[in-house]
>>> print(open('model.pdb').read())   # PDB, C-alpha atoms (C1' of nucleotides)
ATOM      1  CA  MET A   1     -66.674  15.075  43.294
ATOM      2  CA  PRO A   2     -64.230  12.918  41.513
ATOM      3  CA  ALA A   3     -63.757  14.408  38.135
ATOM      4  CA  THR A   4     -61.328  11.640  37.486
ATOM      5  CA  GLN A   5     -63.441  10.057  34.890
ATOM      6  CA  ALA A   6     -65.804  11.568  32.428
ATOM      7  CA  LYS A   7     -69.222  10.228  31.733
ATOM      8  CA  PRO A   8     -68.627   7.056  29.815
ATOM      9  CA  THR A   9     -70.460   7.921  26.710
ATOM     10  CA  ILE A  10     -69.540   5.043  24.531
ATOM     11  CA  ARG A  11     -65.955   4.480  23.690
ATOM     12  CA  VAL A  12     -64.209   3.892  20.455
ATOM     13  CA  LEU A  13     -62.142   0.907  19.524
ATOM     14  CA  PRO A  14     -58.786   2.654  19.248
ATOM     15  CA  GLU A  15     -58.065   2.759  22.906
ATOM     16  CA  PRO A  16     -59.334   6.031  24.266
ATOM     17  CA  ALA A  17     -57.282   8.013  26.679
ATOM     18  CA  GLY A  18     -59.328   7.578  29.820
ATOM     19  CA  ALA A  19     -60.620   4.128  29.167
ATOM     20  CA  PRO A  20     -60.662   1.571  31.935
ATOM     21  CA  SER A  21     -58.083  -1.114  31.609
ATOM     22  CA  PRO A  22     -59.300  -4.316  30.036
ATOM     23  CA  LEU A  23     -60.313  -7.250  32.114
ATOM     24  CA  PRO A  24     -57.770 -10.060  32.450
ATOM     25  CA  GLU A  25     -56.915 -11.521  29.090
ATOM     26  CA  PRO A  26     -54.038 -13.399  27.474
ATOM     27  CA  ALA A  27     -51.368 -11.384  25.732
ATOM     28  CA  VAL A  28     -50.953 -11.612  22.016
ATOM     29  CA  ASP A  29     -48.039 -13.991  22.164
ATOM     30  CA  GLN A  30     -49.924 -16.193  24.545
ATOM     31  CA  LEU A  31     -52.800 -16.886  22.212
ATOM     32  CA  ARG A  32     -53.064 -20.570  21.471
ATOM     33  CA  LEU A  33     -54.689 -21.857  18.390
ATOM     34  CA  GLU A  34     -56.401 -24.793  20.043
ATOM     35  CA  THR A  35     -57.887 -22.541  22.704
ATOM     36  CA  VAL A  36     -59.138 -19.992  20.223
ATOM     37  CA  LEU A  37     -60.624 -22.673  18.033
ATOM     38  CA  GLY A  38     -62.274 -24.209  21.047
ATOM     39  CA  ALA A  39     -63.798 -20.886  21.979
ATOM     40  CA  LEU A  40     -65.124 -20.515  18.462
ATOM     41  CA  SER A  41     -66.503 -24.025  18.208
ATOM     42  CA  ASP A  42     -69.705 -23.065  19.969
ATOM     43  CA  PRO A  43     -72.544 -21.757  17.789
ATOM     44  CA  LEU A  44     -73.657 -19.162  20.283
ATOM     45  CA  ARG A  45     -70.167 -17.794  20.711
ATOM     46  CA  LEU A  46     -69.652 -17.856  16.987
ATOM     47  CA  ARG A  47     -72.775 -15.770  16.654
ATOM     48  CA  ILE A  48     -71.542 -13.348  19.283
ATOM     49  CA  VAL A  49     -68.183 -12.868  17.641
ATOM     50  CA  ARG A  50     -69.668 -12.560  14.210
ATOM     51  CA  LYS A  51     -72.132  -9.938  15.350
ATOM     52  CA  LEU A  52     -69.424  -8.001  17.123
ATOM     53  CA  LEU A  53     -67.410  -8.148  13.936
ATOM     54  CA  LEU A  54     -70.018  -7.259  11.382
ATOM     55  CA  GLU A  55     -72.126  -4.754  13.212
ATOM     56  CA  ARG A  56     -69.469  -2.954  15.068
ATOM     57  CA  GLU A  57     -69.521   0.688  14.607
ATOM     58  CA  GLU A  58     -66.636   2.393  16.187
ATOM     59  CA  PHE A  59     -67.446   1.461  19.734
ATOM     60  CA  ASP A  60     -67.582  -1.502  21.951
ATOM     61  CA  HIS A  61     -70.859  -3.082  22.719
ATOM     62  CA  PRO A  62     -72.438  -4.005  26.006
ATOM     63  CA  CYS A  63     -73.516  -7.506  26.654
ATOM     64  CA  GLY A  64     -77.202  -6.918  26.298
ATOM     65  CA  TRP A  65     -76.797  -5.136  22.993
ATOM     66  CA  LEU A  66     -76.596  -8.400  21.171
ATOM     67  CA  GLY A  67     -80.152  -9.322  21.917
ATOM     68  CA  LEU A  68     -79.478 -12.882  22.881
ATOM     69  CA  ASP A  69     -82.298 -14.735  24.506
ATOM     70  CA  ARG A  70     -80.312 -16.420  27.172
ATOM     71  CA  PRO A  71     -80.157 -15.813  30.891
ATOM     72  CA  LYS A  72     -77.539 -13.380  31.964
ATOM     73  CA  SER A  73     -75.506 -15.965  33.785
ATOM     74  CA  SER A  74     -75.189 -17.941  30.583
ATOM     75  CA  LEU A  75     -74.016 -14.918  28.674
ATOM     76  CA  THR A  76     -71.449 -14.188  31.334
ATOM     77  CA  HIS A  77     -70.139 -17.686  30.913
ATOM     78  CA  HIS A  78     -69.680 -17.372  27.171
ATOM     79  CA  PHE A  79     -68.247 -13.892  27.205
ATOM     80  CA  LYS A  80     -65.771 -15.008  29.786
ATOM     81  CA  ALA A  81     -64.812 -17.984  27.664
ATOM     82  CA  LEU A  82     -64.236 -15.728  24.688
ATOM     83  CA  ARG A  83     -62.213 -13.261  26.679
ATOM     84  CA  GLU A  84     -60.047 -15.866  28.371
ATOM     85  CA  ALA A  85     -59.343 -17.452  25.025
ATOM     86  CA  GLY A  86     -58.240 -14.066  23.741
ATOM     87  CA  VAL A  87     -60.965 -13.580  21.193
ATOM     88  CA  ILE A  88     -62.582 -10.503  22.697
ATOM     89  CA  ARG A  89     -61.540  -7.692  24.962
ATOM     90  CA  GLN A  90     -63.814  -6.421  27.684
ATOM     91  CA  ARG A  91     -63.872  -3.196  29.593
ATOM     92  CA  GLN A  92     -66.057  -2.028  32.398
ATOM     93  CA  TYR A  93     -67.928   1.193  31.808
ATOM     94  CA  GLY A  94     -70.041   1.931  34.776
ATOM     95  CA  LEU A  95     -72.609  -0.772  34.891
ATOM     96  CA  GLU A  96     -71.890  -2.067  31.464
ATOM     97  CA  ARG A  97     -69.156  -4.376  30.371
ATOM     98  CA  ARG A  98     -68.405  -3.675  26.745
ATOM     99  CA  SER A  99     -66.735  -6.031  24.369
ATOM    100  CA  HIS A 100     -65.031  -6.011  21.038
ATOM    101  CA  VAL A 101     -63.140  -8.556  19.014
ATOM    102  CA  ARG A 102     -59.357  -8.356  19.218
ATOM    103  CA  VAL A 103     -59.104  -8.082  15.498
ATOM    104  CA  ASP A 104     -55.506  -6.985  15.217
ATOM    105  CA  ASP A 105     -54.226  -9.515  17.700
ATOM    106  CA  LEU A 106     -56.043 -12.390  16.093
ATOM    107  CA  GLU A 107     -55.032 -11.324  12.648
ATOM    108  CA  ALA A 108     -51.416 -11.102  13.718
ATOM    109  CA  ARG A 109     -51.347 -14.575  15.194
ATOM    110  CA  PHE A 110     -53.877 -16.438  13.076
ATOM    111  CA  PRO A 111     -54.274 -14.583   9.804
ATOM    112  CA  GLY A 112     -57.517 -15.292   8.056
ATOM    113  CA  LEU A 113     -59.309 -16.752  11.011
ATOM    114  CA  ILE A 114     -61.468 -13.707  11.517
ATOM    115  CA  ASP A 115     -62.602 -13.787   7.937
ATOM    116  CA  LEU A 116     -63.864 -17.292   8.447
ATOM    117  CA  VAL A 117     -65.937 -16.213  11.408
ATOM    118  CA  ALA A 118     -67.282 -13.209   9.574
ATOM    119  CA  ALA A 119     -68.289 -15.387   6.656
ATOM    120  CA  TRP A 120     -69.993 -17.932   8.839
ATOM    121  CA  THR A 121     -73.718 -18.309   8.506
ATOM    122  CA  PRO A 122     -75.627 -19.176  11.651
ATOM    123  CA  GLU A 123     -77.772 -22.044  10.530
ATOM    124  CA  SER A 124     -77.196 -24.194   7.573
ATOM    125  CA  ASP A 125     -76.572 -21.768   4.782
ATOM    126  CA  ARG A 126     -78.400 -23.899   2.277
ATOM    127  CA  ARG A 127     -81.306 -22.114   0.759
ATOM    128  CA  SER A 128     -83.693 -24.299   2.621
ATOM    129  CA  PRO A 129     -86.824 -25.796   1.151
ATOM    130  CA  SER A 130     -89.214 -23.055   2.137
ATOM    131  CA  GLY A 131     -90.777 -25.256   4.728
ATOM    132  CA  ARG A 132     -89.666 -23.888   8.014
ATOM    133  CA  ARG A 133     -89.881 -26.592  10.524
ATOM    134  CA  LYS A 134     -90.522 -26.351  14.219
TER     135      LYS A 134
ATOM    136  CA  MET B   1     -73.325 -17.245  -1.928
ATOM    137  CA  PRO B   2     -71.559 -20.197  -0.491
ATOM    138  CA  ALA B   3     -71.853 -23.530  -2.086
ATOM    139  CA  THR B   4     -74.080 -24.599  -4.863
ATOM    140  CA  GLN B   5     -72.096 -23.662  -7.846
ATOM    141  CA  ALA B   6     -71.395 -27.025  -9.280
ATOM    142  CA  LYS B   7     -71.374 -30.400  -7.765
ATOM    143  CA  PRO B   8     -68.002 -30.411  -6.094
ATOM    144  CA  THR B   9     -66.467 -33.651  -7.112
ATOM    145  CA  ILE B  10     -63.114 -32.519  -5.956
ATOM    146  CA  ARG B  11     -60.513 -35.169  -5.629
ATOM    147  CA  VAL B  12     -57.696 -34.467  -3.364
ATOM    148  CA  LEU B  13     -54.941 -36.861  -4.070
ATOM    149  CA  PRO B  14     -54.239 -38.912  -7.121
ATOM    150  CA  GLU B  15     -56.415 -41.832  -6.321
ATOM    151  CA  PRO B  16     -55.178 -45.194  -7.274
ATOM    152  CA  ALA B  17     -57.521 -46.936  -9.602
ATOM    153  CA  GLY B  18     -59.635 -49.332  -7.689
ATOM    154  CA  ALA B  19     -59.282 -47.474  -4.475
ATOM    155  CA  PRO B  20     -61.870 -48.306  -1.858
ATOM    156  CA  SER B  21     -64.577 -45.756  -1.352
ATOM    157  CA  PRO B  22     -64.099 -43.463   1.591
ATOM    158  CA  LEU B  23     -65.662 -44.147   4.921
ATOM    159  CA  PRO B  24     -68.762 -42.140   5.783
ATOM    160  CA  GLU B  25     -68.028 -38.444   5.815
ATOM    161  CA  PRO B  26     -69.877 -35.168   5.347
ATOM    162  CA  ALA B  27     -70.040 -33.720   1.873
ATOM    163  CA  VAL B  28     -68.291 -30.480   1.100
ATOM    164  CA  ASP B  29     -71.398 -28.367   1.364
ATOM    165  CA  GLN B  30     -72.252 -29.966   4.664
ATOM    166  CA  LEU B  31     -69.100 -28.905   6.431
ATOM    167  CA  ARG B  32     -69.886 -26.728   9.428
ATOM    168  CA  LEU B  33     -67.370 -24.257  10.713
ATOM    169  CA  GLU B  34     -68.217 -24.851  14.363
ATOM    170  CA  THR B  35     -67.812 -28.582  13.911
ATOM    171  CA  VAL B  36     -64.506 -28.305  12.122
ATOM    172  CA  LEU B  37     -63.187 -25.880  14.691
ATOM    173  CA  GLY B  38     -64.303 -28.173  17.440
ATOM    174  CA  ALA B  39     -62.471 -31.054  15.858
ATOM    175  CA  LEU B  40     -59.351 -28.935  15.616
ATOM    176  CA  SER B  41     -59.526 -27.604  19.159
ATOM    177  CA  ASP B  42     -57.858 -30.684  20.558
ATOM    178  CA  PRO B  43     -54.051 -30.653  20.708
ATOM    179  CA  LEU B  44     -53.691 -34.271  19.756
ATOM    180  CA  ARG B  45     -55.959 -33.919  16.746
ATOM    181  CA  LEU B  46     -54.213 -30.729  15.785
ATOM    182  CA  ARG B  47     -50.978 -32.647  15.838
ATOM    183  CA  ILE B  48     -52.454 -35.414  13.727
ATOM    184  CA  VAL B  49     -53.773 -33.045  11.092
ATOM    185  CA  ARG B  50     -50.607 -31.041  11.022
ATOM    186  CA  LYS B  51     -48.497 -34.119  10.554
ATOM    187  CA  LEU B  52     -50.756 -35.400   7.815
ATOM    188  CA  LEU B  53     -50.444 -32.033   6.164
ATOM    189  CA  LEU B  54     -46.747 -31.457   6.414
ATOM    190  CA  GLU B  55     -45.364 -34.913   5.932
ATOM    191  CA  ARG B  56     -47.726 -36.189   3.355
ATOM    192  CA  GLU B  57     -46.110 -37.689   0.415
ATOM    193  CA  GLU B  58     -48.369 -38.663  -2.342
ATOM    194  CA  PHE B  59     -50.305 -41.254  -0.457
ATOM    195  CA  ASP B  60     -52.466 -41.613   2.528
ATOM    196  CA  HIS B  61     -51.066 -42.723   5.781
ATOM    197  CA  PRO B  62     -52.162 -45.481   8.081
ATOM    198  CA  CYS B  63     -53.055 -44.768  11.629
ATOM    199  CA  GLY B  64     -49.947 -46.190  13.168
ATOM    200  CA  TRP B  65     -47.684 -44.264  10.851
ATOM    201  CA  LEU B  66     -48.002 -41.193  12.986
ATOM    202  CA  GLY B  67     -46.194 -42.707  15.893
ATOM    203  CA  LEU B  68     -48.586 -41.580  18.565
ATOM    204  CA  ASP B  69     -48.173 -43.089  21.960
ATOM    205  CA  ARG B  70     -51.797 -43.636  22.702
ATOM    206  CA  PRO B  71     -53.822 -46.790  22.878
ATOM    207  CA  LYS B  72     -55.413 -47.787  19.651
ATOM    208  CA  SER B  73     -58.917 -47.240  20.887
ATOM    209  CA  SER B  74     -58.050 -43.649  21.674
ATOM    210  CA  LEU B  75     -56.665 -43.118  18.225
ATOM    211  CA  THR B  76     -59.763 -44.582  16.681
ATOM    212  CA  HIS B  77     -61.799 -42.095  18.645
ATOM    213  CA  HIS B  78     -59.852 -39.096  17.417
ATOM    214  CA  PHE B  79     -59.593 -40.201  13.828
ATOM    215  CA  LYS B  80     -63.301 -40.779  13.786
ATOM    216  CA  ALA B  81     -63.906 -37.335  15.228
ATOM    217  CA  LEU B  82     -61.757 -35.797  12.517
ATOM    218  CA  ARG B  83     -63.439 -37.770   9.777
ATOM    219  CA  GLU B  84     -66.972 -37.057  10.948
ATOM    220  CA  ALA B  85     -66.164 -33.379  11.169
ATOM    221  CA  GLY B  86     -64.950 -33.521   7.583
ATOM    222  CA  VAL B  87     -61.317 -32.780   8.257
ATOM    223  CA  ILE B  88     -59.833 -36.023   7.026
ATOM    224  CA  ARG B  89     -60.836 -38.732   4.618
ATOM    225  CA  GLN B  90     -60.266 -42.369   5.419
ATOM    226  CA  ARG B  91     -60.097 -45.408   3.236
ATOM    227  CA  GLN B  92     -59.668 -49.027   4.088
ATOM    228  CA  TYR B  93     -56.728 -50.752   2.445
ATOM    229  CA  GLY B  94     -56.644 -54.273   3.625
ATOM    230  CA  LEU B  95     -55.822 -54.112   7.254
ATOM    231  CA  GLU B  96     -54.899 -50.496   7.238
ATOM    232  CA  ARG B  97     -57.157 -47.510   7.335
ATOM    233  CA  ARG B  98     -55.363 -44.685   5.635
ATOM    234  CA  SER B  99     -56.103 -41.041   6.144
ATOM    235  CA  HIS B 100     -55.404 -37.747   4.506
ATOM    236  CA  VAL B 101     -56.584 -34.213   5.063
ATOM    237  CA  ARG B 102     -59.374 -33.012   2.788
ATOM    238  CA  VAL B 103     -57.292 -30.083   1.683
ATOM    239  CA  ASP B 104     -59.327 -28.965  -1.279
ATOM    240  CA  ASP B 105     -62.644 -29.303   0.469
ATOM    241  CA  LEU B 106     -61.511 -27.373   3.498
ATOM    242  CA  GLU B 107     -59.853 -24.739   1.404
ATOM    243  CA  ALA B 108     -63.007 -24.307  -0.631
ATOM    244  CA  ARG B 109     -65.230 -23.816   2.376
ATOM    245  CA  PHE B 110     -62.881 -22.256   4.914
ATOM    246  CA  PRO B 111     -60.020 -20.689   3.025
ATOM    247  CA  GLY B 112     -56.919 -20.175   5.086
ATOM    248  CA  LEU B 113     -57.863 -22.541   7.854
ATOM    249  CA  ILE B 114     -55.443 -25.211   6.748
ATOM    250  CA  ASP B 115     -52.592 -22.758   6.757
ATOM    251  CA  LEU B 116     -53.295 -22.002  10.378
ATOM    252  CA  VAL B 117     -53.088 -25.652  11.271
ATOM    253  CA  ALA B 118     -49.925 -26.118   9.272
ATOM    254  CA  ALA B 119     -48.340 -23.153  11.016
ATOM    255  CA  TRP B 120     -49.312 -24.338  14.456
ATOM    256  CA  THR B 121     -46.461 -25.243  16.762
ATOM    257  CA  PRO B 122     -47.120 -28.029  19.203
ATOM    258  CA  GLU B 123     -44.541 -26.920  21.736
ATOM    259  CA  SER B 124     -46.928 -24.247  22.857
ATOM    260  CA  ASP B 125     -48.923 -26.827  24.738
ATOM    261  CA  ARG B 126     -46.923 -26.551  27.867
ATOM    262  CA  ARG B 127     -49.543 -27.809  30.246
ATOM    263  CA  SER B 128     -51.202 -30.055  27.745
ATOM    264  CA  PRO B 129     -54.618 -30.593  29.212
ATOM    265  CA  SER B 130     -55.540 -33.679  27.284
ATOM    266  CA  GLY B 131     -52.094 -35.011  26.841
ATOM    267  CA  ARG B 132     -51.805 -37.100  29.891
ATOM    268  CA  ARG B 133     -48.980 -39.463  30.314
ATOM    269  CA  LYS B 134     -49.495 -42.906  31.594
TER     270      LYS B 134
ATOM    271  C1'  DA C   1     -55.954 -74.420   9.765
ATOM    272  C1'  DC C   2     -53.426 -71.138  12.910
ATOM    273  C1'  DC C   3     -51.352 -66.857  14.309
ATOM    274  C1'  DA C   4     -49.960 -61.968  14.214
ATOM    275  C1'  DA C   5     -51.114 -57.322  13.040
ATOM    276  C1'  DT C   6     -54.334 -53.379  12.225
ATOM    277  C1'  DG C   7     -58.037 -51.354  13.816
ATOM    278  C1'  DT C   8     -63.099 -51.206  15.511
ATOM    279  C1'  DA C   9     -66.987 -51.609  19.054
ATOM    280  C1'  DC C  10     -68.486 -51.400  23.332
ATOM    281  C1'  DG C  11     -68.411 -50.122  27.783
ATOM    282  C1'  DA C  12     -67.190 -47.686  32.098
ATOM    283  C1'  DG C  13     -64.873 -44.164  34.638
ATOM    284  C1'  DT C  14     -63.439 -39.533  34.634
ATOM    285  C1'  DT C  15     -63.325 -34.849  33.307
ATOM    286  C1'  DA C  16     -64.776 -30.825  31.106
ATOM    287  C1'  DA C  17     -68.370 -27.865  29.376
ATOM    288  C1'  DG C  18     -72.891 -25.997  28.842
ATOM    289  C1'  DT C  19     -77.364 -24.987  31.182
ATOM    290  C1'  DC C  20     -79.566 -21.921  34.348
ATOM    291  C1'  DG C  21     -81.495 -20.114  39.084
ATOM    292  C1'  DT C  22     -80.502 -17.484  42.820
ATOM    293  C1'  DA C  23     -77.965 -14.266  45.514
ATOM    294  C1'  DC C  24     -74.928 -10.649  45.327
ATOM    295  C1'  DT C  25     -72.254  -6.406  43.845
ATOM    296  C1'  DT C  26     -71.974  -2.097  41.677
ATOM    297  C1'  DA C  27     -73.416   2.222  39.418
ATOM    298  C1'  DT C  28     -76.815   5.316  38.229
ATOM    299  C1'  DA C  29     -81.331   7.658  38.905
ATOM    300  C1'  DC C  30     -84.900   9.222  41.886
TER     301       DC C  30
ATOM    302  C1'  DG D   1     -81.666   6.847  51.571
ATOM    303  C1'  DT D   2     -84.290   3.406  48.030
ATOM    304  C1'  DA D   3     -84.999   1.425  43.627
ATOM    305  C1'  DT D   4     -83.578  -0.300  39.343
ATOM    306  C1'  DA D   5     -80.619  -2.243  35.961
ATOM    307  C1'  DA D   6     -76.182  -4.615  34.238
ATOM    308  C1'  DG D   7     -73.638  -8.064  35.141
ATOM    309  C1'  DT D   8     -70.953 -11.472  38.166
ATOM    310  C1'  DA D   9     -70.234 -15.535  41.407
ATOM    311  C1'  DC D  10     -71.555 -19.556  42.997
ATOM    312  C1'  DG D  11     -73.581 -23.793  42.952
ATOM    313  C1'  DA D  12     -76.198 -27.757  41.042
ATOM    314  C1'  DC D  13     -77.613 -30.244  37.276
ATOM    315  C1'  DT D  14     -77.105 -32.159  32.718
ATOM    316  C1'  DT D  15     -74.698 -33.321  28.785
ATOM    317  C1'  DA D  16     -70.954 -34.144  26.094
ATOM    318  C1'  DA D  17     -66.174 -35.421  25.513
ATOM    319  C1'  DC D  18     -61.843 -37.740  26.539
ATOM    320  C1'  DT D  19     -59.380 -41.818  28.300
ATOM    321  C1'  DC D  20     -58.586 -46.489  28.039
ATOM    322  C1'  DG D  21     -59.217 -51.744  28.648
ATOM    323  C1'  DT D  22     -61.033 -55.526  26.737
ATOM    324  C1'  DA D  23     -63.197 -58.276  23.270
ATOM    325  C1'  DC D  24     -63.977 -58.835  18.573
ATOM    326  C1'  DA D  25     -63.430 -58.613  13.416
ATOM    327  C1'  DT D  26     -60.668 -58.709   9.343
ATOM    328  C1'  DT D  27     -56.605 -59.433   6.555
ATOM    329  C1'  DG D  28     -52.251 -61.516   5.260
ATOM    330  C1'  DG D  29     -48.802 -64.835   5.997
ATOM    331  C1'  DT D  30     -47.075 -69.351   7.296
TER     332       DT D  30
END
>>> encode(input="model.pdb", output="structure tokens")
Amino acid sequence: MPATQAKPTIRVLPEPAGAPSPLPEPAVDQLRLETVLGALSDPLRLRIVRKLLLEREEFDHPCGWLGLDRPKSSLTHHFKALREAGVIRQRQYGLERRSHVRVDDLEARFPGLIDLVAAWTPESDRRSPSGRRK
Amino acid sequence: MPATQAKPTIRVLPEPAGAPSPLPEPAVDQLRLETVLGALSDPLRLRIVRKLLLEREEFDHPCGWLGLDRPKSSLTHHFKALREAGVIRQRQYGLERRSHVRVDDLEARFPGLIDLVAAWTPESDRRSPSGRRK
DNA sequence: ACCAATGTACGAGTTAAGTCGTACTTATAC
DNA sequence: GTATAAGTACGACTTAACTCGTACATTGGT
């Protein structure tokens, strides 16, 4: 009975004591602006990051929590792109892989960038002419 | 909350009287964050914008002024990408097509973004993926 | 008129990125 | 043990982007 690790009942952002180590990611001083901007130039990823930013409580969120209607393999692709660009950090908790935005790191290297993402509005932010198309 | 206060007739640089009208570009309220970030996710374009930002005097700069060692058709491609994303404005002066960054427009819609570009250091592209030599 | 210079348009080849289905791994529950 | 659920890995397909050569247009000068 390995009591090594407690039941992973949701973890907080400030790195908890027994948390698994994050998946491979670039260090803070390795973050590159062009890479981060490229990772954020996709609408779906922008939506992911924004949701992680705005609706974070104090814990990380599993992949399915976001309620995205894409196949799982697509989500894996985008989460990996975000993590490898240094935008999010991911940890494995049992079956789930939970993510959160690397707010402090991004703010240290690219101050103000996170605010832009948080202020982004998914579709055109114009108050559209009530006619919803499609 | 964004946009739609007044018609933003912002003028960036002191325009010479009789200046040609700009080439087709998105209006201020049509700028999309994902598009702008995508335009800035290329190292060469980042270098172009940064140089236009830092070494601007009071006038626009022609394409060849930047001293980029790429074929002209490649430069046309990138300048067009920047203009269509709303990052730069271009005007035709005789033979030359001069460009400048839409500082006020970008600052109004994405405050702080320009500072990130200006602070970017190009030497961090060690394995420049798109910067192939010939 | 001609020529040189600035830059575009078009096209083709190449590369990267997004799309997703399927098979697989792992952890938990039964 | 089996079953289920979360997510990855891999591959194939599609789409977009980058790269550049060449041909063409325009302007200014001679």
>>> closest_residue(input="model.pdb", among="A:Glu55, A:Glu96, A:Asp115, A:Asp105", to="chain D", atoms="all atoms listed in the file")
A:Glu96
>>> interface_residues(input="model.pdb", of="chain A", to="chain B", cutoff="10 Å", atoms="all atoms listed in the file", output="ChimeraX atom specification")
/A:30-46,109-113,115-117,119-127
>>> residues_around(input="model.pdb", residues="DA4 (chain C)", least_positions_apart="5", cutoff="12 Å", atoms="only C-alpha atoms (C1' of nucleotides)", output="PyMOL selection string")
chain D and resi 27-30
>>> interface_residues(input="model.pdb", of="chain B", to="chain C", cutoff="8 Å", atoms="all atoms listed in the file", output="PDB file with C-alpha atoms, keeping the file's coordinate frame")
ATOM      1  CA  LYS B  72     -55.413 -47.787  19.651  1.00  0.00           C
ATOM      2  CA  SER B  73     -58.917 -47.240  20.887  1.00  0.00           C
ATOM      3  CA  THR B  76     -59.763 -44.582  16.681  1.00  0.00           C
ATOM      4  CA  LEU B  95     -55.822 -54.112   7.254  1.00  0.00           C
ATOM      5  CA  GLU B  96     -54.899 -50.496   7.238  1.00  0.00           C
ATOM      6  CA  ARG B  97     -57.157 -47.510   7.335  1.00  0.00           C
TER       7      ARG B  97
END
>>> resolve_selection(input="model.pdb", expression="the PyMOL selection byres ((chain D) within 8 of (chain B))", output="ChimeraX atom specification")
/D:18-20,26-27
>>> atom_distance(input="model.pdb", atom1="CA of Val49 (chain B)", atom2="CA of Val49 (chain A)")
25.6 Å
>>> atom_distance(input="model.pdb", atom1="CA of Ala27 (chain A)", atom2="CA of Trp65 (chain A)")
26.3 Å
>>> atom_distance(input="model.pdb", atom1="CA of Glu25 (chain A)", atom2="CA of Ile88 (chain A)")
8.6 Å
>>> axis_aligned_box(input="model.pdb", around="region 100-116 of chain A", padding_each_side="3 Å", output="AutoDock Vina command-line options")
--center_x -58.2 --center_y -11.7 --center_z 14.5 --size_x 19.7 --size_y 17.3 --size_z 19.1
>>> closest_residue(input="model.pdb", among="B:Arg102, B:Leu68, B:Ile48, B:Glu107", to="Arg89 (chain B)", atoms="all atoms listed in the file")
B:Arg102
>>> build_atoms(input="model.pdb", residues="region 28-43 of chain B", atoms="N, CA and C atoms", output="CSV table (one decimal), keeping the file's coordinate frame")
chain,number,residue,atom,x,y,z
B,28,VAL,N,-68.9,-31.8,1.0
B,28,VAL,CA,-68.3,-30.5,1.1
B,28,VAL,C,-69.3,-29.4,1.6
B,29,ASP,N,-70.4,-29.4,1.0
B,29,ASP,CA,-71.4,-28.4,1.4
B,29,ASP,C,-72.1,-28.6,2.7
B,30,GLN,N,-71.7,-29.7,3.3
B,30,GLN,CA,-72.3,-30.0,4.7
B,30,GLN,C,-71.3,-29.6,5.8
B,31,LEU,N,-70.1,-29.2,5.4
B,31,LEU,CA,-69.1,-28.9,6.4
B,31,LEU,C,-69.6,-27.7,7.2
B,32,ARG,N,-69.5,-27.8,8.5
B,32,ARG,CA,-69.9,-26.7,9.4
B,32,ARG,C,-68.7,-26.2,10.1
B,33,LEU,N,-68.6,-24.9,10.1
B,33,LEU,CA,-67.4,-24.3,10.7
B,33,LEU,C,-67.2,-24.6,12.2
B,34,GLU,N,-68.3,-24.6,12.9
B,34,GLU,CA,-68.2,-24.9,14.4
B,34,GLU,C,-67.8,-26.3,14.6
B,35,THR,N,-68.2,-27.2,13.7
B,35,THR,CA,-67.8,-28.6,13.9
B,35,THR,C,-66.3,-28.8,13.6
B,36,VAL,N,-65.9,-28.2,12.5
B,36,VAL,CA,-64.5,-28.3,12.1
B,36,VAL,C,-63.6,-27.7,13.2
B,37,LEU,N,-64.0,-26.5,13.7
B,37,LEU,CA,-63.2,-25.9,14.7
B,37,LEU,C,-63.2,-26.7,16.0
B,38,GLY,N,-64.3,-27.3,16.3
B,38,GLY,CA,-64.3,-28.2,17.4
B,38,GLY,C,-63.4,-29.4,17.3
B,39,ALA,N,-63.4,-29.9,16.1
B,39,ALA,CA,-62.5,-31.1,15.9
B,39,ALA,C,-61.0,-30.6,16.0
B,40,LEU,N,-60.7,-29.4,15.6
B,40,LEU,CA,-59.4,-28.9,15.6
B,40,LEU,C,-59.0,-28.3,16.9
B,41,SER,N,-59.8,-28.3,17.9
B,41,SER,CA,-59.5,-27.6,19.2
B,41,SER,C,-58.8,-28.5,20.1
B,42,ASP,N,-58.6,-29.7,19.7
B,42,ASP,CA,-57.9,-30.7,20.6
B,42,ASP,C,-56.4,-30.8,20.1
B,43,PRO,N,-55.5,-30.7,21.1
B,43,PRO,CA,-54.1,-30.7,20.7
B,43,PRO,C,-53.6,-31.9,20.0
